[in-house]
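Undergrad: One file: start-v3.pdb (PDB, C-alpha atoms).
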```pdb
ATOM      1  CA  MET F1395     148.883  51.479 104.935
ATOM      2  CA  LEU F1396     146.729  50.065 102.213
ATOM      3  CA  THR F1397     148.368  47.741  99.740
ATOM      4  CA  LYS F1398     147.875  48.195  96.013
ATOM      5  CA  GLU F1399     145.469  45.239  96.065
ATOM      6  CA  GLU F1400     143.387  46.767  98.896
ATOM      7  CA  LEU F1401     142.798  50.068  97.108
ATOM      8  CA  PRO F1402     139.432  50.334  95.365
ATOM      9  CA  GLU F1403     139.449  50.375  91.585
ATOM     10  CA  CYS F1404     137.446  53.609  91.524
ATOM     11  CA  PRO F1405     139.644  56.685  92.191
ATOM     12  CA  VAL F1406     136.825  58.465  94.041
ATOM     13  CA  ALA F1407     136.452  55.450  96.340
ATOM     14  CA  THR F1408     140.223  55.500  96.916
ATOM     15  CA  THR F1409     140.073  59.142  98.012
ATOM     16  CA  VAL F1410     137.100  58.465 100.271
ATOM     17  CA  GLN F1411     138.887  55.488 101.817
ATOM     18  CA  LEU F1412     141.962  57.621 102.595
ATOM     19  CA  ILE F1413     140.275  60.768 103.930
ATOM     20  CA  GLY F1414     136.585  59.913 104.125
ATOM     21  CA  ASN F1415     135.836  60.076 107.800
ATOM     22  CA  LYS F1416     135.009  63.282 109.627
ATOM     23  CA  TRP F1417     138.010  63.051 111.937
ATOM     24  CA  LYS F1418     140.566  62.724 109.156
ATOM     25  CA  LEU F1419     139.054  65.656 107.302
ATOM     26  CA  LEU F1420     139.173  67.851 110.405
ATOM     27  CA  ILE F1421     142.764  66.804 111.147
ATOM     28  CA  LEU F1422     143.778  67.657 107.583
ATOM     29  CA  ARG F1423     141.901  70.971 107.785
ATOM     30  CA  ASN F1424     143.853  71.881 110.914
ATOM     31  CA  LEU F1425     147.200  70.884 109.453
ATOM     32  CA  MET F1426     146.534  72.951 106.324
ATOM     33  CA  ARG F1427     146.537  76.006 108.568
ATOM     34  CA  ALA F1428     149.823  75.160 110.297
ATOM     35  CA  PRO F1429     151.757  72.267 111.866
ATOM     36  CA  GLN F1430     150.327  71.357 115.257
ATOM     37  CA  ARG F1431     151.090  69.445 118.399
ATOM     38  CA  PHE F1432     148.754  66.668 119.517
ATOM     39  CA  THR F1433     147.167  68.669 122.356
ATOM     40  CA  GLU F1434     146.585  71.693 120.106
ATOM     41  CA  MET F1435     144.796  69.503 117.606
ATOM     42  CA  ARG F1436     142.692  67.738 120.214
ATOM     43  CA  GLY F1437     141.579  71.120 121.547
ATOM     44  CA  THR F1438     140.375  72.324 118.152
ATOM     45  CA  ILE F1439     138.429  69.210 117.160
ATOM     46  CA  PRO F1440     135.382  69.043 119.452
ATOM     47  CA  GLY F1441     134.314  65.564 120.473
ATOM     48  CA  ILE F1442     137.445  63.690 119.419
ATOM     49  CA  SER F1443     139.032  61.400 122.000
ATOM     50  CA  SER F1444     142.785  61.011 122.375
ATOM     51  CA  LYS F1445     142.576  57.417 121.137
ATOM     52  CA  VAL F1446     140.608  58.327 118.013
ATOM     53  CA  LEU F1447     142.963  61.223 117.268
ATOM     54  CA  THR F1448     145.985  58.953 117.710
ATOM     55  CA  ASP F1449     144.501  56.225 115.499
ATOM     56  CA  ASN F1450     143.618  58.677 112.728
ATOM     57  CA  LEU F1451     146.993  60.437 112.858
ATOM     58  CA  ARG F1452     148.728  57.068 112.581
ATOM     59  CA  ALA F1453     146.581  56.078 109.599
ATOM     60  CA  LEU F1454     147.243  59.406 107.850
ATOM     61  CA  GLU F1455     150.951  58.997 108.538
ATOM     62  CA  GLU F1456     150.981  55.420 107.194
ATOM     63  CA  ASP F1457     149.203  56.608 104.047
ATOM     64  CA  GLY F1458     151.855  59.286 103.488
ATOM     65  CA  LEU F1459     149.612  62.297 104.093
ATOM     66  CA  VAL F1460     150.893  63.432 107.505
ATOM     67  CA  LEU F1461     154.414  63.738 108.876
ATOM     68  CA  ARG F1462     155.101  63.065 112.564
ATOM     69  CA  GLU F1463     158.267  64.734 113.782
ATOM     70  CA  ALA F1464     159.564  63.935 117.270
ATOM     71  CA  PHE F1465     162.086  66.276 118.871
ATOM     72  CA  ALA F1466     164.623  64.988 121.389
ATOM     73  CA  GLU F1467     163.803  67.447 124.136
ATOM     74  CA  ALA F1468     162.732  67.294 127.740
ATOM     75  CA  PRO F1469     159.774  67.072 127.835
ATOM     76  CA  PRO F1470     159.456  65.345 124.462
ATOM     77  CA  ARG F1471     157.774  67.370 121.729
ATOM     78  CA  VAL F1472     155.994  65.961 118.679
ATOM     79  CA  MET F1473     154.746  68.056 115.761
ATOM     80  CA  TYR F1474     152.400  66.955 113.009
ATOM     81  CA  SER F1475     152.364  68.522 109.565
ATOM     82  CA  LEU F1476     151.207  67.696 106.070
ATOM     83  CA  THR F1477     153.541  65.951 103.688
ATOM     84  CA  ASP F1478     153.824  67.307 100.155
ATOM     85  CA  LEU F1479     151.309  64.650  99.128
ATOM     86  CA  GLY F1480     148.965  65.677 101.944
ATOM     87  CA  GLY F1481     149.190  69.279 100.774
ATOM     88  CA  THR F1482     147.791  68.269  97.393
ATOM     89  CA  LEU F1483     144.450  67.658  99.164
ATOM     90  CA  ARG F1484     144.043  71.411  99.764
ATOM     91  CA  PRO F1485     141.821  72.026  96.682
ATOM     92  CA  ILE F1486     139.505  69.190  97.718
ATOM     93  CA  ILE F1487     139.108  70.415 101.290
ATOM     94  CA  ASP F1488     138.818  74.056 100.185
ATOM     95  CA  ALA F1489     136.057  73.050  97.751
ATOM     96  CA  MET F1490     134.268  71.188 100.546
ATOM     97  CA  GLY F1491     134.464  74.302 102.719
ATOM     98  CA  GLU F1492     133.079  76.527  99.960
ATOM     99  CA  TRP F1493     130.267  74.081  99.259
ATOM    100  CA  GLY F1494     129.428  73.888 102.967
ATOM    101  CA  GLU F1495     129.223  77.691 103.200
ATOM    102  CA  LYS F1496     126.869  77.856 100.200
ATOM    103  CA  TYR F1497     124.703  75.092 101.638
ATOM    104  CA  LYS F1498     124.466  76.834 105.015
ATOM    105  CA  ALA F1499     123.503  80.104 103.312
ATOM    106  CA  MET F1500     120.788  78.358 101.287
ATOM    107  CA  ARG F1501     119.421  76.755 104.475
ATOM    108  CA  ALA F1502     119.445  80.123 106.238
ATOM    109  CA  ARG F1503     117.452  81.678 103.358
ATOM    110  CA  GLY F1504     114.963  78.792 103.447
ATOM    111  CA  GLU F1505     115.810  77.640  99.929
ATOM    112  CA  ILE F1506     116.146  74.028 101.085
TER     113      ILE F1506
END
```
How would this structure read if it were set down as structure tokens?
TA:
Amino acid sequence: MLTKEELPECPVATTVQLIGNKWKLLILRNLMRAPQRFTEMRGTIPGISSKVLTDNLRALEEDGLVLREAFAEAPPRVMYSLTDLGGTLRPIIDAMGEWGEKYKAMRARGEI
């Protein structure tokens, strides 16, 4: 988790530092749909390795955006979900999705 001193002064830079890599954004996108198990998530994020997924989930958990819930069962079961704070990112990710759709449509029409 970043300390207060490690956070950038600029709020946009802070947001980018917390969620600004493609893996974190895709993890958050998935968890906005529904809580998921590790293997479910890995299967819906093409190209991500188990190590990278683990590292990013841990970072999101440490930053208070993702909740990891382990169930005492045999075999053990772990579910990941968004915290209330993580859920507040929904408008940002939704806006990114809308922008991406518009961009793709413009490309398809040859406007860019």
Undergrad: Which centre and which edge lengths, in Å to one decimal, describe the axis-aligned box that holds all listed atoms of region 1480-1485 of chain F after 5 Å is added on each side, as lines of an AutoDock Vina configuration file?
TA:
```
center_x = 145.5
center_y = 68.9
center_z = 99.3
size_x = 17.4
size_y = 16.3
size_z = 15.3
```
Undergrad: Run through the PyMOL selection byres ((chain F and resi 1460) around 12) on the given coordinates and return the selected residues as a VMD selection string.
TA: chain F and resid 1412 to 1413 1418 1421 to 1426 1429 to 1430 1450 to 1459 1461 to 1463 1473 to 1483
Undergrad: As an exercise, work out the distance from CA of Leu1419 (chain F) to CA of Glu1492 (chain F) in Å and give it to one decimal place.
TA: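 Distance between the two atoms: 14.4 Å.
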Undergrad: Mind pulling up the distance from CA of Gly1414 (chain F) to CA of Leu1447 (chain F)?
TA: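 It comes out at 14.7 Å.
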Undergrad: Just give me the gap between CA of Phe1465 (chain F) and CA of Phe1432 (chain F) in Å, one decimal is fine.
TA: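 The value is 13.4 Å.
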Undergrad: Point out the residue among F:Leu1401, F:Ile1506, F:Ile1442, F:Ile1487 with the least atom-to-atom distance to Arg1427 (chain F), counting all atoms listed in the file.
TA: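 Selected residue with least distance to Arg1427 (chain F): F:Ile1487.
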Undergrad: Could N, CA, C and O atoms be built for region 1412-1435 of chain F and written out as a tab-separated table (two decimals), in the frame of the given file?
TA:
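And here's result_18.tsv as it stands now:
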```tsv
chain	number	residue	atom	x	y	z
F	1412	LEU	N	140.81	57.00	101.94
F	1412	LEU	CA	141.96	57.62	102.60
F	1412	LEU	C	141.57	58.77	103.52
F	1412	LEU	O	142.18	58.94	104.58
F	1413	ILE	N	140.59	59.57	103.14
F	1413	ILE	CA	140.28	60.77	103.93
F	1413	ILE	C	138.80	60.87	104.30
F	1413	ILE	O	138.36	61.89	104.81
F	1414	GLY	N	138.03	59.81	104.08
F	1414	GLY	CA	136.58	59.91	104.12
F	1414	GLY	C	135.90	59.79	105.47
F	1414	GLY	O	134.72	59.54	105.49
F	1415	ASN	N	136.60	59.99	106.56
F	1415	ASN	CA	135.84	60.08	107.80
F	1415	ASN	C	135.97	61.49	108.36
F	1415	ASN	O	136.90	62.22	108.01
F	1416	LYS	N	135.03	61.89	109.18
F	1416	LYS	CA	135.01	63.28	109.63
F	1416	LYS	C	136.25	63.65	110.41
F	1416	LYS	O	136.73	64.78	110.32
F	1417	TRP	N	136.84	62.72	111.13
F	1417	TRP	CA	138.01	63.05	111.94
F	1417	TRP	C	139.22	63.33	111.05
F	1417	TRP	O	139.94	64.29	111.27
F	1418	LYS	N	139.43	62.50	110.04
F	1418	LYS	CA	140.57	62.72	109.16
F	1418	LYS	C	140.44	64.06	108.44
F	1418	LYS	O	141.42	64.79	108.28
F	1419	LEU	N	139.25	64.38	107.99
F	1419	LEU	CA	139.05	65.66	107.30
F	1419	LEU	C	139.34	66.84	108.22
F	1419	LEU	O	139.96	67.82	107.81
F	1420	LEU	N	138.92	66.75	109.47
F	1420	LEU	CA	139.17	67.85	110.40
F	1420	LEU	C	140.65	67.94	110.78
F	1420	LEU	O	141.19	69.04	110.95
F	1421	ILE	N	141.32	66.81	110.89
F	1421	ILE	CA	142.76	66.80	111.15
F	1421	ILE	C	143.49	67.47	109.98
F	1421	ILE	O	144.34	68.35	110.18
F	1422	LEU	N	143.15	67.07	108.76
F	1422	LEU	CA	143.78	67.66	107.58
F	1422	LEU	C	143.49	69.15	107.49
F	1422	LEU	O	144.38	69.95	107.18
F	1423	ARG	N	142.25	69.54	107.77
F	1423	ARG	CA	141.90	70.97	107.78
F	1423	ARG	C	142.81	71.74	108.74
F	1423	ARG	O	143.35	72.79	108.39
F	1424	ASN	N	142.99	71.22	109.93
F	1424	ASN	CA	143.85	71.88	110.91
F	1424	ASN	C	145.29	71.98	110.43
F	1424	ASN	O	145.93	73.02	110.57
F	1425	LEU	N	145.80	70.90	109.87
F	1425	LEU	CA	147.20	70.88	109.45
F	1425	LEU	C	147.44	71.73	108.21
F	1425	LEU	O	148.57	72.12	107.93
F	1426	MET	N	146.38	72.05	107.47
F	1426	MET	CA	146.53	72.95	106.32
F	1426	MET	C	146.77	74.37	106.80
F	1426	MET	O	147.37	75.17	106.09
F	1427	ARG	N	146.31	74.67	107.99
F	1427	ARG	CA	146.54	76.01	108.57
F	1427	ARG	C	147.97	76.15	109.05
F	1427	ARG	O	148.61	77.16	108.80
F	1428	ALA	N	148.46	75.12	109.75
F	1428	ALA	CA	149.82	75.16	110.30
F	1428	ALA	C	150.12	73.82	110.97
F	1428	ALA	O	149.20	73.12	111.40
F	1429	PRO	N	151.40	73.46	111.08
F	1429	PRO	CA	151.76	72.27	111.87
F	1429	PRO	C	151.24	72.42	113.30
F	1429	PRO	O	151.16	73.55	113.81
F	1430	GLN	N	150.88	71.30	113.91
F	1430	GLN	CA	150.33	71.36	115.26
F	1430	GLN	C	150.84	70.23	116.12
F	1430	GLN	O	151.19	69.15	115.62
F	1431	ARG	N	150.82	70.49	117.43
F	1431	ARG	CA	151.09	69.44	118.40
F	1431	ARG	C	149.78	68.71	118.67
F	1431	ARG	O	148.69	69.20	118.38
F	1432	PHE	N	149.91	67.53	119.24
F	1432	PHE	CA	148.75	66.67	119.52
F	1432	PHE	C	147.71	67.40	120.35
F	1432	PHE	O	146.51	67.39	120.02
F	1433	THR	N	148.13	68.02	121.46
F	1433	THR	CA	147.17	68.67	122.36
F	1433	THR	C	146.49	69.87	121.70
F	1433	THR	O	145.32	70.13	121.97
F	1434	GLU	N	147.21	70.59	120.84
F	1434	GLU	CA	146.58	71.69	120.11
F	1434	GLU	C	145.46	71.16	119.23
F	1434	GLU	O	144.36	71.73	119.18
F	1435	MET	N	145.77	70.08	118.53
F	1435	MET	CA	144.80	69.50	117.61
F	1435	MET	C	143.57	68.99	118.35
F	1435	MET	O	142.44	69.24	117.96
```
